[in-house]
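Since the structure comes first, as structure tokens, the remarks are kept for the end.
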Amino acid sequence: MNSAENYMTELDAYMTTLGRQARAASRAINRATSGQKNQALLAIASALDSSRDSLMAANARDLDAGREKGLEPALMDRLELTPARIDTMIEGLQQVAALDDPVGAITDLKYRPSGIQVGKMRVPLGVIGIIYESRPNVTCEAASLCLKSGNSVILRGGSEALHSNKAVAACIRAGLAVAELDPHIIQVVDRTDREVVGRLITMPEYVDVIVPRGGKGLIERISRDARVPVIKHLDGNCHVYVDDKADIEKAVTVAVNAKTQRYGTCCTMESMLVARAVAADLLPLIDAEYGKHQVEIRGCKQTLAILPHATEATEEDWETEYLAPIVSIKVVEGVDEAIAHINEYSSQHTDSIITEDLNHAQRFLREVDSSSVMVNASTRFADGFEYGLGAEIGISTDKLHARGPVGLEGLTSQKFIVLGDGHIRQ
């Protein structure tokens, strides 16, 4: 056997071990009480709080390596663990612990003419494989949601966050130990081999669902090659439409926040649509604010007539997720053209309308085909934490099972239950 064959044999053995452990752990966590799960979550939060120095030191190693590799600014932003982001991780764990446990909840229980009762029970999905890049906070968020929803999870983070993920994983193991839960409920892959991903997404005997979080190329590859169901979104080409009935001051505030609050997230606004009736008043104000943040404007011909220093937008701009201080702006006739443009170019992630017209708002909510649709609010709110889910395992733009930020309920399914008392079918 040559070295390549030895390597693949060893890798297959490693992944098979992870899979078997995860499958066994998924049955163990299904027996755990809500109290045990909450105890573990709060113990993980405590471990993170007491391990701040080691977390920051591990993250510093990853950041140094990222600079040497020349990682893009958006990736570096996602990679960084700041004290505030550690605070958010801790708060997320506490929020998830405070949420109702969905597992075992029975709904729609009704008597049938035969005398039996038929209803539905919410149950875990089983074993979840999560593949993600850069963001070490995902390790904590994903672990907390899978744990509370009664699933076991195999976490495969990016090589650029290896040290950070190991440090977070140590806190997770400590929390599971406090609650006397199986340590294999949450497993963090400690190998950076690209082949790990290929094996993880083709293990239906051990893995029930794959959740990819990363760049479009990664998600396209997983969607194409996976033999396991995938919950995903490809990219976040999000829009803000400023209606002809908009409050201009409100529109400027929202549009600036949606674009500049963070550049490297999937819910950052990438395209802005402006009703013709307000374009002359709004665009100079927007231009001044974006100038303060050094945001490059790429506009249609009507935008350039008002902002002649802007770059002319191409067809590609309307469908691009920049993840950078760049925004495309298009002047449209009104709400009809705005909705049509969004439904053609949007990635069905998050889109917002700024308007004081109730009818326009209702039309936008009803007709825009995206997983989150907003009125007079920044697209940056499209986040599990902000939605009160405690955290999110990702955003789904699929239309089956889960859509939008995927929290506890999105990590469960339902099965029919039947209650009888010796009933037989006639």
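Scheme for the structure tokens: letters A, B, ... for chains in order shown; per-chain residue numbers from 1; ligand numbers from 1 in order shown.
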
(request) Find the spatial neighbours of segment 148-162 of chain A, counting only C-alpha atoms, within a cut-off of 6 Å - ignore same-chain residues fewer than 6 positions away - and output them as a list in words. (result) Ala22, Ser26, Ile29, Asn30, Lys37, Asp62, Pro124, Gly126, Val127, Ile128, Gly129, Ile130, Ile131, Tyr132, Glu133, Ser134, Ile185, Ile186, Gln187, Val188, Val189, Thr192 and Leu408 of chain A

(message) Quick check for you: according to DSSP on this backbone, which residues of segment 21-269 of chain A are classed as helix (DSSP H, G or I)? Reply as a ChimeraX atom specification.
(response) /A:21-29,34-50,52-69,73-79,83-98,137-148,159-178,183-185,195-200,216-225,248-260

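Nearest residue to Lys330 of chain A, choosing from A:Asp208, A:Asp49, A:Glu289, A:Glu270 and counting only C-alpha atoms: A:Glu270.
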
Counting only C-alpha atoms, what is within 10 Å of His423 of chain A, bar same-chain residues fewer than 6 positions away, as a PDB file with all heavy atoms, in the first residue's frame?
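Result saved to result_38.pdb:
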ATOM      1  N   SER A 114     -62.325   6.910  14.776  1.00  0.00           N
ATOM      2  CA  SER A 114     -62.040   5.546  15.243  1.00  0.00           C
ATOM      3  C   SER A 114     -61.795   5.480  16.737  1.00  0.00           C
ATOM      4  O   SER A 114     -61.779   4.395  17.331  1.00  0.00           O
ATOM      5  CB  SER A 114     -60.807   5.011  14.517  1.00  0.00           C
ATOM      6  OG  SER A 114     -59.673   5.821  14.822  1.00  0.00           O
ATOM      7  N   GLY A 115     -61.581   6.638  17.373  1.00  0.00           N
ATOM      8  CA  GLY A 115     -61.307   6.664  18.810  1.00  0.00           C
ATOM      9  C   GLY A 115     -59.846   6.888  19.151  1.00  0.00           C
ATOM     10  O   GLY A 115     -59.517   7.190  20.303  1.00  0.00           O
ATOM     11  N   ILE A 116     -58.950   6.732  18.172  1.00  0.00           N
ATOM     12  CA  ILE A 116     -57.537   6.988  18.444  1.00  0.00           C
ATOM     13  C   ILE A 116     -57.292   8.493  18.489  1.00  0.00           C
ATOM     14  O   ILE A 116     -58.056   9.281  17.965  1.00  0.00           O
ATOM     15  CB  ILE A 116     -56.619   6.347  17.383  1.00  0.00           C
ATOM     16  CG1 ILE A 116     -56.891   6.942  15.994  1.00  0.00           C
ATOM     17  CG2 ILE A 116     -56.778   4.833  17.375  1.00  0.00           C
ATOM     18  CD1 ILE A 116     -55.898   6.512  14.922  1.00  0.00           C
TER      19      ILE A 116
END

Taking the DSSP assignment computed from this structure's backbone, write out as a PDB file with N, CA and C atoms, in the first residue's frame all residues of segment 366-414 of chain A that belong to strand (DSSP E).
ATOM      1  N   SER A 372     -35.983  36.434   4.777  1.00  0.00           N
ATOM      2  CA  SER A 372     -36.332  37.505   5.712  1.00  0.00           C
ATOM      3  C   SER A 372     -36.706  38.736   4.894  1.00  0.00           C
ATOM      4  N   VAL A 373     -37.861  39.316   5.185  1.00  0.00           N
ATOM      5  CA  VAL A 373     -38.319  40.532   4.505  1.00  0.00           C
ATOM      6  C   VAL A 373     -38.675  41.546   5.588  1.00  0.00           C
ATOM      7  N   MET A 374     -38.178  42.781   5.442  1.00  0.00           N
ATOM      8  CA  MET A 374     -38.255  43.768   6.510  1.00  0.00           C
ATOM      9  C   MET A 374     -38.906  45.059   6.049  1.00  0.00           C
ATOM     10  N   VAL A 375     -39.433  45.800   7.011  1.00  0.00           N
ATOM     11  CA  VAL A 375     -39.982  47.133   6.776  1.00  0.00           C
ATOM     12  C   VAL A 375     -39.308  48.106   7.738  1.00  0.00           C
ATOM     13  N   ILE A 395     -28.141  30.416   8.057  1.00  0.00           N
ATOM     14  CA  ILE A 395     -29.311  30.963   7.376  1.00  0.00           C
ATOM     15  C   ILE A 395     -29.678  30.006   6.249  1.00  0.00           C
ATOM     16  N   SER A 396     -30.955  29.702   6.151  1.00  0.00           N
ATOM     17  CA  SER A 396     -31.418  28.837   5.063  1.00  0.00           C
ATOM     18  C   SER A 396     -32.253  29.643   4.087  1.00  0.00           C
ATOM     19  N   GLY A 404     -34.702  30.898   6.585  1.00  0.00           N
ATOM     20  CA  GLY A 404     -34.252  32.011   7.411  1.00  0.00           C
ATOM     21  C   GLY A 404     -33.262  31.529   8.458  1.00  0.00           C
ATOM     22  N   PRO A 405     -33.012  32.338   9.515  1.00  0.00           N
ATOM     23  CA  PRO A 405     -32.099  31.886  10.573  1.00  0.00           C
ATOM     24  C   PRO A 405     -32.597  30.581  11.180  1.00  0.00           C
ATOM     25  N   THR A 412     -34.968  20.488  14.554  1.00  0.00           N
ATOM     26  CA  THR A 412     -35.821  19.366  14.914  1.00  0.00           C
ATOM     27  C   THR A 412     -36.774  19.071  13.767  1.00  0.00           C
ATOM     28  N   SER A 413     -37.402  17.931  13.864  1.00  0.00           N
ATOM     29  CA  SER A 413     -38.432  17.541  12.908  1.00  0.00           C
ATOM     30  C   SER A 413     -39.651  17.110  13.713  1.00  0.00           C
ATOM     31  N   GLN A 414     -40.658  16.611  13.037  1.00  0.00           N
ATOM     32  CA  GLN A 414     -41.834  16.106  13.731  1.00  0.00           C
ATOM     33  C   GLN A 414     -42.157  14.699  13.266  1.00  0.00           C
TER      34      GLN A 414
END

(request) Name all residues at most 12 Å from segment 63-80 of chain A (count only C-alpha atoms; drop same-chain ones fewer than 6 positions away) and give them as a VMD selection string. (result) chain A and resid 55 to 57 86 132 to 139 157 to 165 213 to 215 262 to 266 268 321 to 325

(request) Extract, using only C-alpha atoms, all DNA, RNA and protein residues at most 10 Å from Thr314 of chain A, discarding same-chain residues fewer than 5 positions from it, and format them as a list in words. (result) Arg298, Gly299, Cys300, Glu319 and Ser328 of chain A

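The smallest atom-to-atom distance between Asp190 of chain A and any of A:Glu91, A:Tyr14, A:Ile106, A:Ala143, using only C-alpha atoms, is found for A:Tyr14.
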
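Interatomic distance, atom CA of Gly175 of chain A to atom CA of Ser50 of chain A: 12.0 Å.
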
(request) Pick out the closest residue to Leu365 of chain A from this set: A:Ile339, A:Arg380, A:Val252, A:Lys292. Count only C-alpha atoms. (result) A:Ile339

(message) Rounded to one decimal, what separation in Å do you get between atom CA of Phe385 of chain A and atom CA of Ile44 of chain A?
(response) 17.6 Å

(message) My list of candidates is A:Val406, A:Cys146, A:Glu141, A:Asp101. Which is closest to Arg122 of chain A when distances are computed with only C-alpha atoms?
(response) A:Asp101

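Checking A:Val211, A:Lys120, A:Thr202, A:His360 one by one against Ala246 of chain A, counting only C-alpha atoms, you find the shortest gap at A:His360.
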
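Using only C-alpha atoms, the nearest neighbour of Val331 of chain A within the list A:Ala305, A:Leu93, A:Cys171, A:Ala84 is A:Ala305.
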
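The gap separating atom CA of Ala179 of chain A from atom CA of Gln39 of chain A is 5.8 Å, in Å to one decimal.
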
(request) Find the spatial neighbours of Val256 of chain A, counting only C-alpha atoms, within a cut-off of 10 Å - ignore same-chain residues fewer than 6 positions away - and output them as an NGL selection string. (result) :A and (269 or 286-287 or 289-290 or 293 or 295 or 378)

(message) List the spatial neighbours of Gln94 of chain A as JSON, numbers by chain - criterion: any atom at most 12 Å away, only C-alpha atoms, same-chain residues fewer than 2 positions off excluded.
(response) {"A": [37, 38, 39, 40, 41, 42, 43, 44, 45, 46, 48, 87, 88, 89, 90, 91, 92, 96, 97, 98, 99, 140, 141, 144, 145, 148, 385, 388, 389, 390, 391]}

With N, CA, C and O atoms kept, could you save the residues just selected as a compact mmCIF listing (two decimals), in the first residue's frame?
# COMPACT_ATOMS: atom_id res chain seq x y z
N LYS A 37 -29.21 19.60 29.92
CA LYS A 37 -28.75 20.37 28.76
C LYS A 37 -28.50 21.82 29.14
O LYS A 37 -27.49 22.42 28.74
N ASN A 38 -29.39 22.38 29.94
CA ASN A 38 -29.20 23.77 30.37
C ASN A 38 -27.99 23.91 31.28
O ASN A 38 -27.26 24.91 31.21
N GLN A 39 -27.79 22.93 32.14
CA GLN A 39 -26.62 22.95 33.00
C GLN A 39 -25.34 22.96 32.18
O GLN A 39 -24.39 23.71 32.48
N ALA A 40 -25.29 22.15 31.15
CA ALA A 40 -24.11 22.10 30.29
C ALA A 40 -23.90 23.44 29.58
O ALA A 40 -22.77 23.93 29.50
N LEU A 41 -24.98 24.03 29.06
CA LEU A 41 -24.86 25.31 28.36
C LEU A 41 -24.31 26.40 29.27
O LEU A 41 -23.42 27.17 28.88
N LEU A 42 -24.82 26.47 30.48
CA LEU A 42 -24.35 27.50 31.41
C LEU A 42 -22.92 27.22 31.87
O LEU A 42 -22.14 28.15 32.11
N ALA A 43 -22.57 25.94 31.97
CA ALA A 43 -21.20 25.59 32.34
C ALA A 43 -20.23 25.95 31.22
O ALA A 43 -19.09 26.38 31.47
N ILE A 44 -20.65 25.79 29.96
CA ILE A 44 -19.80 26.21 28.82
C ILE A 44 -19.61 27.72 28.86
O ILE A 44 -18.50 28.23 28.64
N ALA A 45 -20.70 28.45 29.14
CA ALA A 45 -20.60 29.92 29.24
C ALA A 45 -19.61 30.32 30.32
O ALA A 45 -18.79 31.23 30.13
N SER A 46 -19.68 29.64 31.45
CA SER A 46 -18.75 29.93 32.55
C SER A 46 -17.31 29.63 32.16
O SER A 46 -16.38 30.38 32.48
N LEU A 48 -16.06 29.67 29.11
CA LEU A 48 -15.61 30.71 28.19
C LEU A 48 -15.19 31.97 28.95
O LEU A 48 -14.17 32.59 28.64
N ASP A 87 -18.27 38.07 24.74
CA ASP A 87 -19.46 38.41 25.52
C ASP A 87 -20.72 37.94 24.81
O ASP A 87 -21.64 37.40 25.44
N THR A 88 -20.76 38.12 23.49
CA THR A 88 -21.93 37.70 22.71
C THR A 88 -22.08 36.19 22.71
O THR A 88 -23.19 35.66 22.79
N MET A 89 -20.96 35.47 22.63
CA MET A 89 -21.01 34.00 22.71
C MET A 89 -21.60 33.56 24.04
O MET A 89 -22.46 32.66 24.10
N ILE A 90 -21.15 34.19 25.12
CA ILE A 90 -21.64 33.84 26.45
C ILE A 90 -23.12 34.16 26.58
O ILE A 90 -23.91 33.35 27.06
N GLU A 91 -23.52 35.34 26.09
CA GLU A 91 -24.92 35.72 26.16
C GLU A 91 -25.78 34.79 25.32
O GLU A 91 -26.91 34.44 25.71
N GLY A 92 -25.25 34.37 24.17
CA GLY A 92 -25.99 33.43 23.33
C GLY A 92 -26.24 32.11 24.04
O GLY A 92 -27.35 31.56 23.98
N VAL A 96 -29.91 30.59 24.93
CA VAL A 96 -30.35 29.25 24.51
C VAL A 96 -30.79 28.44 25.72
O VAL A 96 -31.79 27.71 25.66
N ALA A 97 -30.06 28.56 26.83
CA ALA A 97 -30.45 27.84 28.04
C ALA A 97 -31.82 28.28 28.54
O ALA A 97 -32.58 27.49 29.10
N ALA A 98 -32.15 29.56 28.33
CA ALA A 98 -33.42 30.10 28.80
C ALA A 98 -34.60 29.76 27.88
O ALA A 98 -35.75 29.89 28.29
N LEU A 99 -34.31 29.33 26.67
CA LEU A 99 -35.38 29.01 25.72
C LEU A 99 -36.06 27.70 26.09
O LEU A 99 -35.46 26.81 26.70
N CYS A 140 -19.17 27.77 18.95
CA CYS A 140 -19.97 27.88 20.16
C CYS A 140 -21.47 27.93 19.84
O CYS A 140 -22.27 27.23 20.45
N GLU A 141 -21.85 28.74 18.86
CA GLU A 141 -23.26 28.87 18.51
C GLU A 141 -23.85 27.54 18.06
O GLU A 141 -24.94 27.13 18.49
N SER A 144 -24.18 25.01 20.93
CA SER A 144 -25.26 25.29 21.87
C SER A 144 -26.62 24.89 21.30
O SER A 144 -27.44 24.29 22.00
N LEU A 145 -26.85 25.21 20.04
CA LEU A 145 -28.14 24.90 19.43
C LEU A 145 -28.34 23.41 19.24
O LEU A 145 -29.43 22.88 19.46
N LYS A 148 -29.01 21.85 22.78
CA LYS A 148 -30.35 22.11 23.34
C LYS A 148 -31.45 21.40 22.54
O LYS A 148 -32.46 20.97 23.11
N PHE A 385 -29.46 35.54 16.73
CA PHE A 385 -29.37 36.21 18.02
C PHE A 385 -30.35 37.36 18.09
O PHE A 385 -31.09 37.52 19.06
N GLY A 388 -34.05 36.50 18.50
CA GLY A 388 -34.46 35.88 19.75
C GLY A 388 -34.31 34.37 19.77
O GLY A 388 -34.88 33.69 20.62
N LEU A 389 -33.51 33.85 18.83
CA LEU A 389 -33.28 32.40 18.78
C LEU A 389 -32.12 31.99 19.67
O LEU A 389 -31.79 30.80 19.74
N GLY A 390 -31.48 32.95 20.34
CA GLY A 390 -30.31 32.68 21.16
C GLY A 390 -29.06 32.69 20.32
O GLY A 390 -28.08 33.34 20.63
N ALA A 391 -29.10 31.99 19.23
CA ALA A 391 -28.02 31.93 18.25
C ALA A 391 -28.62 31.31 17.00
O ALA A 391 -29.82 31.04 16.95
